[in-house]
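Enquirer: Sharing final25.cif here; it has mmCIF, C-alpha atoms.
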```cif
data_start
#
loop_
_atom_site.label_atom_id
_atom_site.label_comp_id
_atom_site.auth_asym_id
_atom_site.auth_seq_id
_atom_site.Cartn_x
_atom_site.Cartn_y
_atom_site.Cartn_z
CA MET A 188 108.30 107.09 78.49
CA SER A 189 106.91 103.87 77.16
CA GLY A 190 104.16 101.68 78.48
CA HIS A 191 101.90 103.12 81.17
CA SER A 192 101.79 106.77 82.08
CA LYS A 193 103.57 107.05 85.40
CA TRP A 194 103.35 110.37 87.16
CA ALA A 195 105.98 108.98 89.55
CA THR A 196 108.34 108.47 86.62
CA ILE A 197 107.62 111.90 85.15
CA LYS A 198 108.23 113.46 88.56
CA HIS A 199 111.56 111.68 88.73
CA LYS A 200 112.55 113.41 85.48
CA LYS A 201 111.35 116.76 86.81
CA GLY A 202 113.19 116.35 90.13
CA ALA A 203 112.18 115.39 93.65
CA ALA A 204 109.46 118.02 93.81
CA ASP A 205 107.92 116.91 97.09
CA ALA A 206 111.23 116.98 98.93
CA LYS A 207 112.04 120.44 97.56
CA ARG A 208 108.69 121.75 98.77
CA GLY A 209 109.37 120.43 102.25
CA ARG A 210 106.00 118.66 102.40
CA ILE A 211 106.97 115.03 102.14
CA PHE A 212 107.36 114.48 105.91
CA THR A 213 103.90 115.93 106.54
CA ARG A 214 102.34 113.63 103.97
CA LEU A 215 104.13 110.58 105.29
CA ILE A 216 103.14 111.36 108.87
CA LYS A 217 99.49 111.63 107.81
CA GLU A 218 99.69 108.30 106.00
CA ILE A 219 101.34 106.55 108.95
CA THR A 220 98.75 107.99 111.34
CA ILE A 221 95.71 106.91 109.36
CA ALA A 222 97.19 103.50 108.53
CA ALA A 223 97.75 102.87 112.24
CA ARG A 224 94.28 104.16 113.08
CA MET A 225 92.62 101.85 110.56
CA SER A 226 94.50 98.59 111.19
CA GLY A 227 96.67 98.97 114.29
CA GLY A 228 100.27 99.87 115.01
CA ASP A 229 101.92 96.52 114.28
CA ILE A 230 103.77 96.80 110.95
CA ASP A 231 103.99 93.02 110.64
CA SER A 232 100.20 92.67 110.46
CA ASN A 233 99.43 96.02 108.80
CA PRO A 234 100.70 96.14 105.17
CA ARG A 235 99.63 99.75 104.63
CA LEU A 236 101.51 100.87 107.73
CA ARG A 237 104.55 98.81 106.75
CA THR A 238 104.67 100.51 103.34
CA ALA A 239 104.26 103.98 104.89
CA VAL A 240 106.98 103.38 107.48
CA SER A 241 109.31 102.02 104.80
CA ALA A 242 108.71 105.16 102.70
CA ALA A 243 109.39 107.36 105.73
CA LYS A 244 112.67 105.57 106.45
CA ALA A 245 113.67 105.95 102.81
CA GLN A 246 113.28 109.73 103.28
CA ASN A 247 115.43 109.59 106.44
CA MET A 248 112.56 110.51 108.74
CA PRO A 249 113.71 110.30 112.39
CA ALA A 250 112.50 107.20 114.22
CA ASP A 251 110.88 109.36 116.93
CA ASN A 252 108.67 111.06 114.31
CA ILE A 253 107.54 107.68 112.98
CA THR A 254 106.80 106.37 116.49
CA ARG A 255 104.77 109.47 117.40
CA ALA A 256 102.76 109.22 114.17
CA VAL A 257 101.95 105.56 114.88
CA LYS A 258 100.91 106.36 118.46
CA LYS A 259 98.69 109.21 117.30
CA GLY A 260 97.00 106.78 114.95
CA THR A 261 96.45 104.14 117.63
CA GLY A 262 95.24 106.74 120.13
CA GLU A 263 98.19 106.41 122.52
CA LEU A 264 98.94 110.08 121.86
CA GLU A 265 96.47 112.86 121.13
CA GLY A 266 96.49 113.99 117.50
CA VAL A 267 94.50 115.42 114.60
CA SER A 268 91.73 113.23 113.19
CA TYR A 269 92.16 112.84 109.43
CA GLU A 270 89.53 111.80 106.90
CA GLU A 271 90.30 110.11 103.58
CA ILE A 272 88.61 111.73 100.58
CA ASN A 273 89.22 110.63 97.00
CA PHE A 274 88.37 112.78 94.00
CA GLU A 275 87.95 111.80 90.35
CA GLY A 276 87.89 114.09 87.35
CA TYR A 277 89.33 115.05 83.98
CA GLY A 278 92.28 117.11 82.87
CA PRO A 279 93.29 118.62 79.49
CA GLY A 280 92.82 116.26 76.56
CA GLY A 281 90.29 114.17 78.47
CA VAL A 282 92.94 112.72 80.81
CA ALA A 283 91.46 110.77 83.74
CA VAL A 284 92.68 111.94 87.16
CA ILE A 285 92.38 110.47 90.66
CA VAL A 286 93.34 112.52 93.72
CA GLU A 287 93.75 110.88 97.13
CA THR A 288 93.67 113.23 100.13
CA LEU A 289 93.87 113.10 103.92
CA THR A 290 92.23 116.11 105.55
CA ASP A 291 90.98 117.54 108.81
CA SER A 292 88.58 119.85 106.92
CA ARG A 293 86.40 118.30 104.20
CA ASN A 294 84.97 121.63 103.02
CA ARG A 295 88.41 123.22 102.61
CA THR A 296 89.80 120.28 100.67
CA VAL A 297 86.81 119.98 98.33
CA ALA A 298 87.00 123.69 97.53
CA GLU A 299 90.77 123.63 96.93
CA VAL A 300 90.71 120.57 94.68
CA ARG A 301 87.76 121.88 92.64
CA HIS A 302 89.43 125.27 92.18
CA THR A 303 92.71 123.66 91.11
CA PHE A 304 91.04 121.55 88.44
CA SER A 305 89.23 124.64 87.10
CA ARG A 306 92.45 126.68 86.91
CA PHE A 307 94.03 124.22 84.49
CA ASN A 308 91.16 123.36 82.12
CA GLY A 309 89.98 120.37 84.12
CA ASN A 310 86.83 119.47 85.99
CA LEU A 311 85.75 117.19 88.81
CA GLY A 312 83.45 114.28 88.05
CA GLU A 313 81.25 111.92 90.03
CA GLN A 314 82.73 109.24 92.28
CA GLY A 315 83.61 106.24 90.13
CA CYS A 316 83.71 108.14 86.83
CA VAL A 317 87.37 107.26 86.10
CA SER A 318 88.56 104.80 88.78
CA TRP A 319 87.45 101.88 86.63
CA MET A 320 90.25 102.83 84.20
CA PHE A 321 92.93 102.11 86.83
CA GLU A 322 94.26 99.07 88.68
CA LYS A 323 96.08 99.13 92.02
CA LYS A 324 99.66 97.88 91.66
CA GLY A 325 102.99 98.06 93.43
CA ILE A 326 105.55 100.14 91.51
CA ILE A 327 109.29 100.00 92.22
CA LEU A 328 111.65 102.23 90.24
CA PHE A 329 115.34 101.53 89.64
CA SER A 330 117.87 103.76 87.91
CA LYS A 331 119.28 102.17 84.77
CA GLU A 332 122.72 103.23 85.96
CA SER A 333 122.37 101.03 89.04
CA ALA A 334 120.60 97.99 87.58
CA GLU A 335 121.25 95.81 84.53
CA GLU A 336 118.01 94.76 82.83
CA ASP A 337 118.48 90.99 82.57
CA ALA A 338 119.75 90.65 86.13
CA LEU A 339 116.96 92.85 87.52
CA MET A 340 114.29 91.04 85.51
CA GLU A 341 115.45 87.61 86.68
CA ALA A 342 115.61 88.72 90.31
CA ALA A 343 112.26 90.54 90.14
CA LEU A 344 110.39 87.61 88.60
CA ASP A 345 111.98 85.22 91.11
CA ALA A 346 110.75 87.53 93.88
CA GLY A 347 107.16 87.40 92.58
CA ALA A 348 106.97 90.56 90.45
CA GLU A 349 104.51 90.63 87.56
CA ASP A 350 106.51 92.62 85.01
CA ILE A 351 109.39 95.00 84.35
CA ASN A 352 109.01 98.00 82.02
CA ASP A 353 111.44 100.37 80.32
CA GLU A 354 110.57 103.89 81.47
CA GLY A 355 113.33 105.95 79.86
CA SER A 356 116.07 106.41 82.43
CA MET A 357 114.36 104.03 84.85
CA TRP A 358 113.39 100.38 85.12
CA GLU A 359 109.89 99.94 86.51
CA VAL A 360 109.11 96.72 88.40
CA VAL A 361 105.37 96.01 88.70
CA THR A 362 103.95 93.87 91.51
CA ARG A 363 100.59 92.99 93.00
CA ALA A 364 99.75 95.72 95.51
CA GLY A 365 100.00 93.37 98.47
CA GLN A 366 103.40 92.06 97.35
CA LEU A 367 105.17 95.41 97.06
CA GLU A 368 107.19 95.23 100.27
CA ALA A 369 108.08 91.55 99.87
CA VAL A 370 109.37 92.04 96.31
CA LYS A 371 111.26 95.21 97.24
CA GLU A 372 112.92 93.55 100.23
CA ALA A 373 113.91 90.54 98.12
CA LEU A 374 115.52 92.80 95.51
CA VAL A 375 117.33 94.87 98.14
CA LYS A 376 118.78 91.66 99.61
CA LYS A 377 120.15 90.84 96.14
CA GLY A 378 121.94 94.19 95.98
CA PHE A 379 119.49 96.31 93.99
CA LYS A 380 118.79 99.84 95.26
CA PRO A 381 115.30 101.17 94.46
CA GLU A 382 114.77 104.87 93.79
CA SER A 383 111.19 104.61 95.05
CA ALA A 384 108.55 102.03 95.93
CA GLU A 385 104.84 102.72 96.33
CA VAL A 386 101.37 101.35 95.76
CA SER A 387 99.99 103.16 92.73
CA MET A 388 96.85 103.32 90.63
CA VAL A 389 98.09 102.17 87.22
CA PRO A 390 96.00 103.11 84.15
CA GLN A 391 94.86 100.34 81.83
CA SER A 392 95.36 102.66 78.83
CA THR A 393 96.87 106.11 78.33
CA VAL A 394 96.27 109.38 76.51
CA GLN A 395 99.32 110.64 74.61
CA LEU A 396 99.82 114.37 75.23
CA ALA A 397 101.92 116.97 73.46
CA GLY A 398 102.17 120.75 73.18
CA LYS A 399 99.80 122.91 75.23
CA ASP A 400 97.79 119.98 76.61
CA ALA A 401 100.98 118.33 77.89
CA SER A 402 102.23 121.56 79.45
CA THR A 403 98.87 122.33 81.10
CA MET A 404 98.50 118.77 82.36
CA LEU A 405 101.90 118.89 84.07
CA LYS A 406 100.94 122.21 85.68
CA LEU A 407 97.67 120.68 86.90
CA MET A 408 99.49 117.71 88.43
CA ASP A 409 102.04 119.98 90.13
CA ALA A 410 99.29 122.25 91.46
CA ILE A 411 97.32 119.33 92.87
CA GLU A 412 100.43 117.96 94.56
CA ASP A 413 101.07 121.43 95.99
CA LEU A 414 97.84 121.22 98.01
CA ASP A 415 98.55 120.47 101.66
CA ASP A 416 95.99 117.66 101.86
CA THR A 417 97.05 115.75 98.73
CA GLN A 418 98.63 112.36 99.38
CA HIS A 419 98.72 110.92 95.85
CA VAL A 420 97.59 111.91 92.39
CA TYR A 421 97.26 109.54 89.42
CA ALA A 422 96.46 110.18 85.77
CA ASN A 423 96.35 108.18 82.53
CA PHE A 424 98.54 110.37 80.34
CA ASP A 425 101.85 109.74 78.64
CA ILE A 426 104.44 112.18 77.30
CA SER A 427 107.22 111.15 74.94
CA GLU A 428 110.88 111.66 75.77
CA ASP A 429 111.20 114.20 72.94
CA GLU A 430 108.18 116.13 74.17
CA MET A 431 109.51 116.20 77.74
CA GLU A 432 112.75 117.68 76.45
CA LYS A 433 110.81 120.38 74.57
CA LEU A 434 108.78 121.22 77.69
CA SER A 435 111.93 121.38 79.81
CA ALA A 436 113.76 123.67 77.39
#
```
Could you write out this structure as structure tokens?

Expert:
Amino acid sequence: MSGHSKWATIKHKKGAADAKRGRIFTRLIKEITIAARMSGGDIDSNPRLRTAVSAAKAQNMPADNITRAVKKGTGELEGVSYEEINFEGYGPGGVAVIVETLTDSRNRTVAEVRHTFSRFNGNLGEQGCVSWMFEKKGIILFSKESAEEDALMEAALDAGAEDINDEGSMWEVVTRAGQLEAVKEALVKKGFKPESAEVSMVPQSTVQLAGKDASTMLKLMDAIEDLDDTQHVYANFDISEDEMEKLSA
């Protein structure tokens, strides 16, 4: 992988881990609920909700599930009250890590996240200790088999994207966070089929990992994503194509 470290891109190489674990619907429902609670149930005026609903549809979530999640967020239906808690810390090799969670039990989530960091040679830090190293961006991934670089670049820039990066087997289109859905929809209308589209915390610089640090860091990321309350996890590490092949062997 070149350019930024993208956990989303690394996950794509490793397989659709969330879907295999059967947790992706739960996470999407939480995100839809809190987005609706914070800014209302109208997707046209609520960008966060629009992104969450789009992600749910991409995973073939039934429309009734989406509607119920929105209504729970707006209070039309009774539901669990979720709290957003973000964690910042360090992984092997000094990698900066941000964990975004939605939880109905602060104490449980804090304990689980702290324990997971400790298991894999990491540690939690103070709020703000690493977030300054990241910038919020929209990230849209396209398979190289489905998109030709020049055509995708021209269409993406015309749609308002900021950049397009070569991420191994994928093309990565970068947008301003608030432009993610507009750029994605413009590209879909032109015949491009995205593998994924999400608002992400993109690192301004990365730590190159190999060997034991790389292996342990991947285990830490997987373990954090395994936690029921985790919504997103970001980190500023990069692993070369050759190293990924070694780790997969």

Enquirer: Just say which residues the PyMOL selection byres ((chain A and resi 305) around 12) picks in this file, as a list in words.

Expert: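 So the PyMOL selection byres ((chain A and resi 305) around 12) ends up selecting Gly276, Tyr277, Gly278, Pro279, Ala298, Glu299, Val300, Arg301, His302, Thr303, Phe304, Arg306, Phe307, Asn308, Gly309, Asn310, Leu311, Gly312, Thr403, Met404, Leu407, Ala410 and Ile411 of chain A.
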
Enquirer: Excluding A:Asp416 and residues on its chain fewer than 4 positions from it, collect all residues at most 9 Å away from it, counting all atoms listed in the file, and give them as a list of chain:residue names.

Expert: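 Final neighbour list, sorted by chain and number: A:Arg214, A:Glu287, A:Thr288, A:Leu289, A:Thr290, A:Asp291, A:Thr296, A:Glu412.
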
Enquirer: Of the candidates A:Glu335, A:Glu368, A:Asp353, A:Glu322, which one gets nearest to A:Arg237 if we count all atoms listed in the file?

Expert: A:Glu368

Enquirer: Hey, can you check how far atom CA of A:Gly266 sits from atom CA of A:Ser226?

Expert: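 Taking atom CA of A:Gly266 and atom CA of A:Ser226, their separation equals 16.8 Å.
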
Enquirer: Run the PyMOL selection byres ((chain A and resi 375-379) around 10) against the file shown and list the residues it catches, as a list in words.

Expert: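 Checked against the file, the PyMOL selection byres ((chain A and resi 375-379) around 10) matches Phe329, Ser330, Ser333, Ala334, Glu335, Ala338, Leu339, Ala342, Ala343, Ala369, Val370, Lys371, Glu372, Ala373, Leu374, Lys380, Pro381 and Glu382 of chain A.
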
Enquirer: Could you please take those selected residues and save C-alpha atoms as a PDB file, keeping the file's coordinate frame?

Expert:
```pdb
ATOM      1  CA  PHE A 329     115.340 101.530  89.640  1.00  0.00           C
ATOM      2  CA  SER A 330     117.870 103.760  87.910  1.00  0.00           C
ATOM      3  CA  SER A 333     122.370 101.030  89.040  1.00  0.00           C
ATOM      4  CA  ALA A 334     120.600  97.990  87.580  1.00  0.00           C
ATOM      5  CA  GLU A 335     121.250  95.810  84.530  1.00  0.00           C
ATOM      6  CA  ALA A 338     119.750  90.650  86.130  1.00  0.00           C
ATOM      7  CA  LEU A 339     116.960  92.850  87.520  1.00  0.00           C
ATOM      8  CA  ALA A 342     115.610  88.720  90.310  1.00  0.00           C
ATOM      9  CA  ALA A 343     112.260  90.540  90.140  1.00  0.00           C
ATOM     10  CA  ALA A 369     108.080  91.550  99.870  1.00  0.00           C
ATOM     11  CA  VAL A 370     109.370  92.040  96.310  1.00  0.00           C
ATOM     12  CA  LYS A 371     111.260  95.210  97.240  1.00  0.00           C
ATOM     13  CA  GLU A 372     112.920  93.550 100.230  1.00  0.00           C
ATOM     14  CA  ALA A 373     113.910  90.540  98.120  1.00  0.00           C
ATOM     15  CA  LEU A 374     115.520  92.800  95.510  1.00  0.00           C
ATOM     16  CA  LYS A 380     118.790  99.840  95.260  1.00  0.00           C
ATOM     17  CA  PRO A 381     115.300 101.170  94.460  1.00  0.00           C
ATOM     18  CA  GLU A 382     114.770 104.870  93.790  1.00  0.00           C
TER      19      GLU A 382
END
```

Enquirer: Which residues are close to A:Asn423, i.e. within 12 Å by only C-alpha atoms, leaving aside same-chain residues fewer than 3 positions away? Reply as an NGL selection string.

Expert: :A and (190-195 or 276-285 or 317-322 or 387-396 or 404 or 408 or 420 or 426)

Enquirer: When you draw a straight line from atom CA of A:Asp337 to atom CA of A:Met431, how long is it in Å?

Expert: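 So the answer is 27.2 Å.
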
Enquirer: Let me make sure I understand: among A:Ala384, A:Ala422, A:Ile230, A:Ile216, which one has the smallest atom-to-atom distance to A:Val267 if we use only C-alpha atoms?

Expert: A:Ile216

Enquirer: Tell me, as a ChimeraX atom specification, which residues lie within 10 Å of A:Thr220, counting all atoms listed in the file; anything in the same chain fewer than 6 positions away does not count.

Expert: /A:214,227-228,236,239,253-262,266-269

Enquirer: How many Å separate atom CA of A:Ile327 from atom CA of A:Gln314?

Expert: 28.1 Å

Enquirer: Applying the PyMOL selection byres ((chain A and resi 349) around 8) to the file I just gave you, which residues come out? Please list them as a list in words.

Expert: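 After applying the PyMOL selection byres ((chain A and resi 349) around 8), what remains is Leu344, Gly347, Ala348, Asp350, Ile351, Val360, Val361, Thr362 and Arg363 of chain A.
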